[in-house]
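Chemist: The structure file start-v9.csv (CSV, C-alpha atoms) is provided below.
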```csv
chain,number,residue,atom,x,y,z
Z,6,MET,CA,0.0,0.0,0.0
Z,7,ASP,CA,0.9,3.6,-0.5
Z,8,ILE,CA,-0.1,5.8,2.4
Z,9,GLY,CA,-0.6,9.4,1.4
Z,10,GLY,CA,-1.8,12.5,3.2
Z,11,THR,CA,-5.3,12.2,1.7
Z,12,ASN,CA,-5.8,8.6,0.6
Z,13,THR,CA,-4.2,5.2,1.0
Z,14,ASP,CA,-3.9,3.3,-2.3
Z,15,ALA,CA,-3.4,-0.5,-2.2
Z,16,VAL,CA,-3.1,-3.3,-4.7
Z,17,VAL,CA,-2.9,-7.1,-4.7
Z,18,LEU,CA,-0.4,-8.5,-7.1
Z,19,ASP,CA,-0.7,-12.0,-8.5
Z,20,ASP,CA,2.2,-14.4,-8.9
Z,21,ALA,CA,3.1,-12.7,-12.2
Z,22,GLY,CA,3.3,-9.3,-10.6
Z,23,VAL,CA,0.1,-8.1,-12.3
Z,24,VAL,CA,-2.4,-6.0,-10.3
Z,25,ALA,CA,-5.3,-8.4,-9.5
Z,26,HIS,CA,-7.3,-6.0,-7.3
Z,27,SER,CA,-7.0,-2.4,-6.0
Z,28,LEU,CA,-8.6,-0.2,-3.4
Z,29,ARG,CA,-8.4,3.3,-2.1
Z,30,LEU,CA,-9.5,4.5,1.4
Z,31,PRO,CA,-9.2,7.9,3.1
Z,32,THR,CA,-6.1,7.9,5.2
Z,33,GLY,CA,-7.2,9.9,8.2
Z,34,TRP,CA,-5.1,12.1,10.5
Z,35,GLY,CA,-2.7,10.9,13.3
Z,36,SER,CA,-1.0,7.7,14.2
Z,37,ASP,CA,-4.2,5.8,15.2
Z,38,ALA,CA,-6.0,6.7,12.0
Z,39,VAL,CA,-3.0,5.8,9.8
Z,40,LEU,CA,-2.7,2.4,11.5
Z,41,GLY,CA,-6.4,1.8,11.3
Z,42,THR,CA,-6.7,2.6,7.6
Z,43,ALA,CA,-3.7,0.4,6.8
Z,44,THR,CA,-5.3,-2.4,8.7
Z,45,ASP,CA,-8.6,-1.9,7.1
Z,46,VAL,CA,-7.3,-1.7,3.6
Z,47,VAL,CA,-5.4,-5.0,3.9
Z,48,ARG,CA,-8.4,-6.8,5.4
Z,49,ALA,CA,-10.7,-5.4,2.7
Z,50,LEU,CA,-8.3,-6.6,-0.1
Z,51,ALA,CA,-8.0,-10.0,1.5
Z,52,GLY,CA,-11.8,-10.3,1.6
Z,53,ALA,CA,-12.0,-9.2,-2.0
Z,54,VAL,CA,-9.7,-12.0,-3.2
Z,55,GLY,CA,-11.2,-14.6,-0.7
Z,56,ILE,CA,-8.3,-15.1,1.7
Z,57,GLU,CA,-7.2,-14.1,5.2
Z,58,PRO,CA,-4.7,-11.2,5.6
Z,59,ALA,CA,-2.1,-13.6,6.9
Z,60,SER,CA,-2.4,-15.7,3.7
Z,61,PHE,CA,-0.8,-13.0,1.6
Z,62,SER,CA,2.7,-14.1,0.6
Z,63,SER,CA,4.0,-10.6,1.7
Z,64,ILE,CA,2.8,-7.2,2.7
Z,65,GLY,CA,4.6,-3.9,2.0
Z,66,VAL,CA,3.9,-0.3,2.8
Z,67,GLY,CA,5.2,3.0,1.3
Z,68,ILE,CA,4.8,6.0,3.6
Z,69,PRO,CA,6.1,9.6,3.7
Z,70,GLY,CA,8.4,10.8,6.4
Z,71,ALA,CA,11.7,9.5,7.8
Z,72,VAL,CA,11.5,5.7,7.7
Z,73,ASP,CA,13.7,3.2,9.4
Z,74,SER,CA,13.1,0.5,6.9
Z,75,GLU,CA,15.0,-2.1,8.9
Z,76,HIS,CA,12.7,-1.8,11.9
Z,77,GLY,CA,9.5,-0.4,10.2
Z,78,THR,CA,9.4,2.8,12.2
Z,79,VAL,CA,8.1,6.1,10.8
Z,80,THR,CA,8.9,9.5,12.2
Z,81,HIS,CA,8.3,13.1,11.1
Z,82,ALA,CA,5.4,12.3,8.7
Z,83,ARG,CA,4.0,15.8,9.2
Z,84,ASN,CA,1.3,15.6,6.4
Z,85,LEU,CA,-0.1,12.5,8.2
Z,86,GLY,CA,0.0,14.0,11.7
Z,87,VAL,CA,2.5,11.3,12.8
Z,88,ALA,CA,5.5,12.1,15.0
Z,89,ARG,CA,6.5,8.5,15.6
Z,90,LEU,CA,4.8,5.3,14.7
Z,91,ASP,CA,6.1,1.7,14.9
Z,92,LEU,CA,4.0,0.9,11.8
Z,93,GLY,CA,5.7,-2.4,10.8
Z,94,THR,CA,5.4,-4.0,14.3
Z,95,LEU,CA,1.8,-2.8,15.0
Z,96,LEU,CA,0.4,-3.6,11.6
Z,97,ALA,CA,2.0,-7.0,11.7
Z,98,ALA,CA,0.3,-7.7,15.0
Z,99,ASN,CA,-3.0,-6.6,13.6
Z,100,LEU,CA,-2.7,-8.8,10.4
Z,101,GLY,CA,-0.8,-11.8,11.7
Z,102,LYS,CA,1.9,-11.3,9.0
Z,103,PRO,CA,5.3,-9.5,8.9
Z,104,VAL,CA,5.1,-6.2,7.2
Z,105,ARG,CA,7.9,-4.3,5.3
Z,106,VAL,CA,7.8,-0.5,5.6
Z,107,GLU,CA,9.7,1.9,3.2
Z,108,ASN,CA,9.8,5.6,2.3
Z,109,ASP,CA,7.1,6.2,-0.3
Z,110,VAL,CA,9.5,7.6,-2.9
Z,111,ASN,CA,11.7,4.5,-2.6
Z,112,ALA,CA,8.7,2.3,-2.9
Z,113,ALA,CA,7.7,4.2,-6.1
Z,114,ALA,CA,11.2,3.7,-7.5
Z,115,LEU,CA,10.9,0.0,-7.1
Z,116,GLY,CA,7.4,0.1,-8.5
Z,117,ALA,CA,8.6,2.0,-11.6
Z,118,PHE,CA,11.4,-0.5,-12.0
Z,119,HIS,CA,9.0,-3.4,-12.2
Z,120,GLN,CA,6.4,-1.6,-14.2
Z,121,LEU,CA,9.0,-0.9,-16.9
Z,122,SER,CA,10.0,-4.6,-16.8
Z,123,LEU,CA,13.7,-3.8,-16.1
Z,124,ASP,CA,16.1,-6.4,-14.8
Z,125,ALA,CA,19.2,-6.4,-12.7
Z,126,THR,CA,21.4,-5.2,-15.6
Z,127,ASN,CA,19.4,-1.9,-15.5
Z,128,SER,CA,19.4,1.1,-13.1
Z,129,LEU,CA,16.6,3.6,-12.5
Z,130,ALA,CA,16.1,6.9,-10.6
Z,131,TYR,CA,12.5,7.9,-9.7
Z,132,LEU,CA,12.3,11.7,-9.5
Z,133,ASN,CA,9.4,12.6,-7.3
Z,134,LEU,CA,8.0,16.1,-8.0
Z,135,GLY,CA,5.4,16.5,-5.3
Z,136,THR,CA,5.1,18.7,-2.3
Z,137,GLY,CA,8.8,18.2,-2.0
Z,138,LEU,CA,11.5,16.9,-4.4
Z,139,ALA,CA,13.5,13.8,-3.9
Z,140,ALA,CA,14.6,10.7,-5.8
Z,141,GLY,CA,14.4,7.0,-5.2
Z,142,LEU,CA,17.2,4.8,-6.6
Z,143,VAL,CA,17.2,1.2,-7.9
Z,144,LEU,CA,20.7,0.1,-8.8
Z,145,GLY,CA,21.3,-3.4,-10.1
Z,146,GLY,CA,17.7,-4.3,-9.3
Z,147,LYS,CA,18.0,-3.3,-5.6
Z,148,LEU,CA,17.0,-0.2,-3.7
Z,149,TRP,CA,19.9,2.0,-2.8
Z,150,ARG,CA,19.3,4.0,0.4
Z,151,GLY,CA,22.9,5.1,1.2
Z,152,SER,CA,24.8,4.7,4.4
Z,153,ARG,CA,22.4,6.8,6.4
Z,154,GLY,CA,19.2,6.6,4.3
Z,155,ALA,CA,19.8,10.0,2.7
Z,156,ALA,CA,20.5,8.7,-0.9
Z,157,GLY,CA,18.3,10.6,-3.4
Z,158,GLU,CA,17.7,13.7,-1.2
Z,159,ILE,CA,18.7,15.9,-4.1
Z,160,GLY,CA,16.1,18.5,-3.3
Z,161,HIS,CA,18.7,20.2,-1.1
Z,162,ILE,CA,21.2,20.6,-3.9
Z,163,LEU,CA,21.7,24.3,-4.7
Z,164,ILE,CA,21.9,25.1,-8.4
Z,165,ASP,CA,21.1,28.9,-8.6
Z,166,PRO,CA,22.9,31.2,-6.2
Z,167,ALA,CA,20.6,34.0,-7.3
Z,168,GLY,CA,17.4,31.9,-6.9
Z,169,PRO,CA,14.6,32.0,-4.3
Z,170,LEU,CA,15.3,30.8,-0.8
Z,171,ASP,CA,14.5,27.3,0.2
Z,172,VAL,CA,13.2,26.2,3.6
Z,173,ASP,CA,16.8,25.9,4.9
Z,174,GLY,CA,17.3,29.6,4.0
Z,175,GLN,CA,19.6,28.9,1.1
Z,176,PRO,CA,19.1,30.1,-2.4
Z,177,GLY,CA,18.2,28.2,-5.5
Z,178,ALA,CA,17.8,24.6,-4.2
Z,179,LEU,CA,16.1,22.1,-6.6
Z,180,GLU,CA,13.2,21.7,-4.2
Z,181,VAL,CA,12.3,25.4,-4.1
Z,182,LEU,CA,12.5,25.6,-7.9
Z,183,ALA,CA,10.6,22.4,-8.9
Z,184,SER,CA,8.3,21.2,-6.2
Z,185,GLY,CA,4.7,22.2,-5.1
Z,186,SER,CA,5.8,23.7,-1.8
Z,187,GLY,CA,8.7,25.6,-3.5
Z,188,ILE,CA,6.6,27.1,-6.2
Z,189,ALA,CA,3.9,28.1,-3.6
Z,190,SER,CA,6.7,29.9,-1.7
Z,191,GLN,CA,7.4,32.0,-4.7
Z,192,ARG,CA,3.8,32.6,-5.8
Z,193,PRO,CA,0.9,31.8,-3.5
Z,194,GLY,CA,-1.3,29.1,-5.0
Z,195,SER,CA,-1.0,25.7,-6.7
Z,196,VAL,CA,1.3,24.7,-9.6
Z,197,SER,CA,-1.6,24.5,-11.9
Z,198,GLU,CA,-2.6,28.1,-11.0
Z,199,MET,CA,1.0,29.2,-11.7
Z,200,LEU,CA,0.9,27.5,-15.1
Z,201,ALA,CA,-2.4,29.1,-16.0
Z,202,ALA,CA,-1.0,32.5,-15.1
Z,203,ALA,CA,2.1,31.9,-17.2
Z,204,ALA,CA,-0.1,30.8,-20.1
Z,205,ALA,CA,-2.0,34.1,-19.7
Z,206,GLY,CA,1.2,36.1,-20.0
Z,207,GLU,CA,1.9,37.0,-16.4
Z,208,SER,CA,5.6,37.8,-16.2
Z,209,ASP,CA,6.3,36.5,-12.7
Z,210,ALA,CA,4.6,33.2,-13.4
Z,211,ILE,CA,6.5,32.9,-16.7
Z,212,GLU,CA,9.8,33.2,-14.8
Z,213,ILE,CA,8.7,30.7,-12.1
Z,214,ARG,CA,7.7,28.3,-14.9
Z,215,ARG,CA,11.1,28.7,-16.6
Z,216,ARG,CA,12.9,28.0,-13.3
Z,217,MET,CA,10.7,25.0,-12.7
Z,218,PHE,CA,11.6,23.4,-16.1
Z,219,ASP,CA,15.3,24.3,-15.6
Z,220,GLY,CA,15.1,22.7,-12.1
Z,221,VAL,CA,13.6,19.5,-13.3
Z,222,ALA,CA,16.1,19.2,-16.2
Z,223,SER,CA,18.9,19.9,-13.7
Z,224,ALA,CA,17.7,17.2,-11.4
Z,225,VAL,CA,17.7,14.7,-14.2
Z,226,ARG,CA,21.2,15.8,-15.2
Z,227,ILE,CA,22.5,15.4,-11.7
Z,228,LEU,CA,21.1,11.9,-11.4
Z,229,VAL,CA,22.6,10.8,-14.7
Z,230,LEU,CA,26.0,12.4,-14.0
Z,231,THR,CA,26.2,11.0,-10.5
Z,232,LEU,CA,24.9,7.4,-11.2
Z,233,ASP,CA,24.6,7.1,-15.0
Z,234,VAL,CA,21.2,5.4,-14.6
Z,235,ASN,CA,19.5,3.9,-17.6
Z,236,VAL,CA,16.2,5.6,-16.9
Z,237,VAL,CA,14.9,8.6,-14.9
Z,238,VAL,CA,11.2,8.3,-14.3
Z,239,ILE,CA,9.4,11.5,-13.3
Z,240,GLY,CA,6.5,11.1,-10.8
Z,241,GLY,CA,4.6,13.1,-8.3
Z,242,GLY,CA,1.9,15.7,-8.8
Z,243,ILE,CA,3.8,17.8,-11.2
Z,244,SER,CA,4.3,14.8,-13.5
Z,245,THR,CA,0.6,15.0,-14.4
Z,246,MET,CA,1.6,17.7,-16.9
Z,247,GLY,CA,2.7,14.7,-19.0
Z,248,ASP,CA,4.0,15.5,-22.4
Z,249,ASP,CA,4.0,19.3,-21.7
Z,250,LEU,CA,6.5,18.7,-18.9
Z,251,LEU,CA,8.6,16.2,-20.9
Z,252,GLY,CA,8.7,18.5,-23.9
Z,253,ALA,CA,9.8,21.5,-21.9
Z,254,VAL,CA,12.5,19.5,-20.1
Z,255,ARG,CA,13.8,18.1,-23.3
Z,256,ASP,CA,13.9,21.7,-24.7
Z,257,VAL,CA,16.2,22.6,-21.8
Z,258,PHE,CA,18.4,19.6,-22.7
Z,259,ALA,CA,18.5,20.7,-26.3
Z,260,ALA,CA,19.7,24.2,-25.3
Z,261,TRP,CA,22.5,22.7,-23.2
Z,262,GLU,CA,23.5,20.4,-26.0
Z,263,LYS,CA,24.1,23.3,-28.4
Z,264,THR,CA,27.2,24.3,-26.4
Z,265,SER,CA,28.3,21.0,-24.9
Z,266,PRO,CA,29.2,17.9,-26.9
Z,267,PHE,CA,29.6,16.1,-23.5
Z,268,ILE,CA,26.0,16.8,-22.5
Z,269,THR,CA,24.9,15.7,-26.0
Z,270,SER,CA,26.7,12.4,-25.5
Z,271,LEU,CA,24.6,11.7,-22.3
Z,272,ALA,CA,21.4,11.5,-24.4
Z,273,LEU,CA,19.4,12.9,-21.5
Z,274,GLY,CA,16.2,13.2,-23.5
Z,275,SER,CA,16.1,9.5,-24.3
Z,276,ARG,CA,16.6,8.5,-20.6
Z,277,VAL,CA,13.7,10.5,-19.1
Z,278,ARG,CA,10.1,9.4,-19.1
Z,279,ILE,CA,6.8,9.8,-17.3
Z,280,LEU,CA,4.6,6.8,-16.4
Z,281,ALA,CA,0.9,6.9,-17.3
Z,282,PRO,CA,-1.2,8.4,-14.5
Z,283,ASP,CA,-3.1,6.2,-12.1
Z,284,THR,CA,-0.6,3.3,-12.4
Z,285,SER,CA,-0.4,2.8,-8.6
Z,286,THR,CA,3.4,2.9,-8.9
Z,287,ALA,CA,4.2,3.3,-5.2
Z,288,ALA,CA,1.7,0.7,-4.0
Z,289,THR,CA,3.0,-1.7,-6.6
Z,290,GLY,CA,6.6,-1.1,-5.4
Z,291,ALA,CA,5.5,-1.7,-1.8
Z,292,ALA,CA,4.1,-5.0,-2.8
Z,293,TRP,CA,7.4,-6.0,-4.5
Z,294,LEU,CA,9.3,-4.6,-1.5
Z,295,GLY,CA,7.4,-7.0,0.8
Z,296,ALA,CA,8.5,-9.9,-1.3
Z,297,THR,CA,12.2,-9.3,-0.9
Z,298,PRO,CA,14.4,-9.6,2.3
Z,299,TRP,CA,15.5,-6.3,3.8
Z,300,GLN,CA,19.1,-5.3,3.0
Z,301,ARG,CA,21.2,-2.3,3.3
```
Would you kindly transcribe this structure into structure tokens?
Modeler:
Amino acid sequence: MDIGGTNTDAVVLDDAGVVAHSLRLPTGWGSDAVLGTATDVVRALAGAVGIEPASFSSIGVGIPGAVDSEHGTVTHARNLGVARLDLGTLLAANLGKPVRVENDVNAAALGAFHQLSLDATNSLAYLNLGTGLAAGLVLGGKLWRGSRGAAGEIGHILIDPAGPLDVDGQPGALEVLASGSGIASQRPGSVSEMLAAAAAGESDAIEIRRRMFDGVASAVRILVLTLDVNVVVIGGGISTMGDDLLGAVRDVFAAWEKTSPFITSLALGSRVRILAPDTSTAATGAAWLGATPWQR
């Protein structure tokens, strides 16, 4: 399941990894509500496929916040009203089955990896453009969390010394340029409202839009230059722009390529893609996560 601030999406995968059943329930607010919804959604899915929850071969959860994936503990999930929750232990007790818990962006990375039918010879970065900006990494078919779980936290990388300030008080970080919260800090309102204003010719919105596209393109370039991944998948709320976002980001790549043969050689435009909407990527990744042993 993928536990979000508004809804919890969950899927059952069959033995071939195909979604056999799906369900969405409102998440609720606070630790008790989050645990209750997670319990309810697994029980409901078990009932839908005619088994007991403990009969699932594995159960996995993706959730925002700081996640200790080894122990299944979630902290600082502010958009859920959760300060600390031993989700893995408590949910396993409710369901009679061990539960794996992972950060939602990491779960989505694993989901994208399987949805694209990649294998261990491939590597993937999942660039999440949502309220914040971060990446999940699958290298050699395995999640890469880093030595302290901070791998992929590229939203804190500064790329524009003259840019707007991020939440850390530093200028021009990727997150302030190309995330929902960052764009709202520059111009009150949603990303879609900013885009509508830019389309209507408002100069401040046009500049924010330009910086957003530059920020997304820079994030892709950083991921490729650092890890040389085969694929960068863009997800999160901003990715619903679809081909409009892809086209604008590829235009930025093309501008860089005019002056840099090296950037041209990276073929950035061919590496980046957006999955179709409503593909339950994070929930699918959580299901695959539950089927593999935990490892650093």
Chemist: From the options Z:Ser27, Z:Ser223, Z:Ser63, Z:Gln191, which residue's atoms come nearest to Ser285 (chain Z), counting only C-alpha atoms?
Modeler: Z:Ser27
Chemist: Pick out the residues sitting within 10 Å of region 34-42 of chain Z, and hand them over as a count of residues only; count only C-alpha atoms, and ignore anything fewer than 4 positions along from it in its own chain.
Modeler: 28
Chemist: Quick one, how far is CA of Asn235 (chain Z) from CA of Ala114 (chain Z)?
Modeler: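 Value for the CA of Asn235 (chain Z)-CA of Ala114 (chain Z) distance: 13.1 Å.
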Chemist: Which of these residues is nearest to Thr245 (chain Z), using only C-alpha atoms: Z:Leu230, Z:Ala272, Z:Ala281, Z:Val143?
Modeler: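 The answer is Z:Ala281, which sits nearest to Thr245 (chain Z).
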Chemist: Using all atoms listed in the file, pick whichever of Z:Ile268, Z:Leu28, Z:Ile243, Z:Ile64 has the shortest atom-to-atom distance to Ala49 (chain Z).
Modeler: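 With all atoms listed in the file as the atom set, the closest residue is Z:Leu28.
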Chemist: Determine, for each residue of region 21-117 of chain Z having at least one atom at most 12 Å from an atom of region 131-140 of chain Z, the closest pair of atoms and their separation in Å to one decimal, counting only C-alpha atoms; order by chain and ascending number, as CSV.
Modeler:
```
residue,atom,partner,partner_atom,distance
Z:Pro69,CA,Z:Gly137,CA,10.7
Z:Gly70,CA,Z:Gly137,CA,11.2
Z:Arg83,CA,Z:Thr136,CA,11.9
Z:Asn84,CA,Z:Thr136,CA,10.0
Z:Asn108,CA,Z:Ala140,CA,10.7
Z:Asp109,CA,Z:Asn133,CA,9.8
Z:Val110,CA,Z:Ala140,CA,6.6
Z:Asn111,CA,Z:Ala140,CA,7.6
Z:Ala112,CA,Z:Tyr131,CA,9.6
Z:Ala113,CA,Z:Tyr131,CA,7.0
Z:Ala114,CA,Z:Tyr131,CA,4.9
Z:Leu115,CA,Z:Tyr131,CA,8.5
Z:Gly116,CA,Z:Tyr131,CA,9.4
Z:Ala117,CA,Z:Tyr131,CA,7.3
```
Chemist: Limited to C-alpha atoms, could you put the picked residues into a file as a tab-separated table (two decimals), in the frame of the given file?
Modeler:
```tsv
chain	number	residue	atom	x	y	z
Z	69	PRO	CA	6.10	9.60	3.70
Z	70	GLY	CA	8.40	10.80	6.40
Z	83	ARG	CA	4.00	15.80	9.20
Z	84	ASN	CA	1.30	15.60	6.40
Z	108	ASN	CA	9.80	5.60	2.30
Z	109	ASP	CA	7.10	6.20	-0.30
Z	110	VAL	CA	9.50	7.60	-2.90
Z	111	ASN	CA	11.70	4.50	-2.60
Z	112	ALA	CA	8.70	2.30	-2.90
Z	113	ALA	CA	7.70	4.20	-6.10
Z	114	ALA	CA	11.20	3.70	-7.50
Z	115	LEU	CA	10.90	0.00	-7.10
Z	116	GLY	CA	7.40	0.10	-8.50
Z	117	ALA	CA	8.60	2.00	-11.60
```
Chemist: Residues within 12 Å of (-3.5, 2.0, -10.6), file coordinates, counting all atoms listed in the file: what are they? Give the list as a ChimeraX atom specification.
Modeler: /Z:6-7,14-18,23-29,116,120,280-290
Chemist: Expressed in Å to a single decimal, how great is the separation between CA of Val257 (chain Z) and CA of Asn127 (chain Z)?
Modeler: 25.5 Å
Chemist: Have a look at Z:Gly154, Z:Gly141, Z:Pro176, Z:Gly185 and name the one nearest to Val237 (chain Z); count all atoms listed in the file.
Modeler: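 Residue with the minimum atom-to-atom distance to Val237 (chain Z): Z:Gly141.
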Chemist: For region 91-103 of chain Z, supply N, CA and C atoms and format the output as a short mmCIF file (atom, residue, chain, number, x, y, z; two decimals), in the coordinates of the input.
Modeler:
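Output below, filename rebuild_39.cif:
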```cif
data_model
loop_
_atom_site.label_atom_id
_atom_site.label_comp_id
_atom_site.auth_asym_id
_atom_site.auth_seq_id
_atom_site.Cartn_x
_atom_site.Cartn_y
_atom_site.Cartn_z
N ASP Z 91 5.45 2.99 15.17
CA ASP Z 91 6.10 1.70 14.90
C ASP Z 91 5.14 0.90 13.97
N LEU Z 92 5.02 1.40 12.75
CA LEU Z 92 4.00 0.90 11.80
C LEU Z 92 4.20 -0.58 11.50
N GLY Z 93 5.43 -0.97 11.22
CA GLY Z 93 5.70 -2.40 10.80
C GLY Z 93 5.26 -3.34 11.93
N THR Z 94 5.66 -3.06 13.17
CA THR Z 94 5.40 -4.00 14.30
C THR Z 94 3.86 -3.99 14.58
N LEU Z 95 3.22 -2.82 14.63
CA LEU Z 95 1.80 -2.80 15.00
C LEU Z 95 0.92 -3.34 13.90
N LEU Z 96 1.25 -3.05 12.64
CA LEU Z 96 0.40 -3.60 11.60
C LEU Z 96 0.60 -5.09 11.44
N ALA Z 97 1.80 -5.60 11.68
CA ALA Z 97 2.00 -7.00 11.70
C ALA Z 97 1.21 -7.73 12.76
N ALA Z 98 1.12 -7.08 13.91
CA ALA Z 98 0.30 -7.70 15.00
C ALA Z 98 -1.15 -7.68 14.64
N ASN Z 99 -1.64 -6.67 13.95
CA ASN Z 99 -3.00 -6.60 13.60
C ASN Z 99 -3.39 -7.65 12.48
N LEU Z 100 -2.42 -7.96 11.62
CA LEU Z 100 -2.70 -8.80 10.40
C LEU Z 100 -2.17 -10.21 10.55
N GLY Z 101 -1.32 -10.46 11.53
CA GLY Z 101 -0.80 -11.80 11.70
C GLY Z 101 0.24 -12.14 10.60
N LYS Z 102 0.95 -11.10 10.09
CA LYS Z 102 1.90 -11.30 9.00
C LYS Z 102 2.97 -10.23 9.06
N PRO Z 103 4.24 -10.58 8.88
CA PRO Z 103 5.30 -9.50 8.90
C PRO Z 103 5.02 -8.50 7.79
#
```
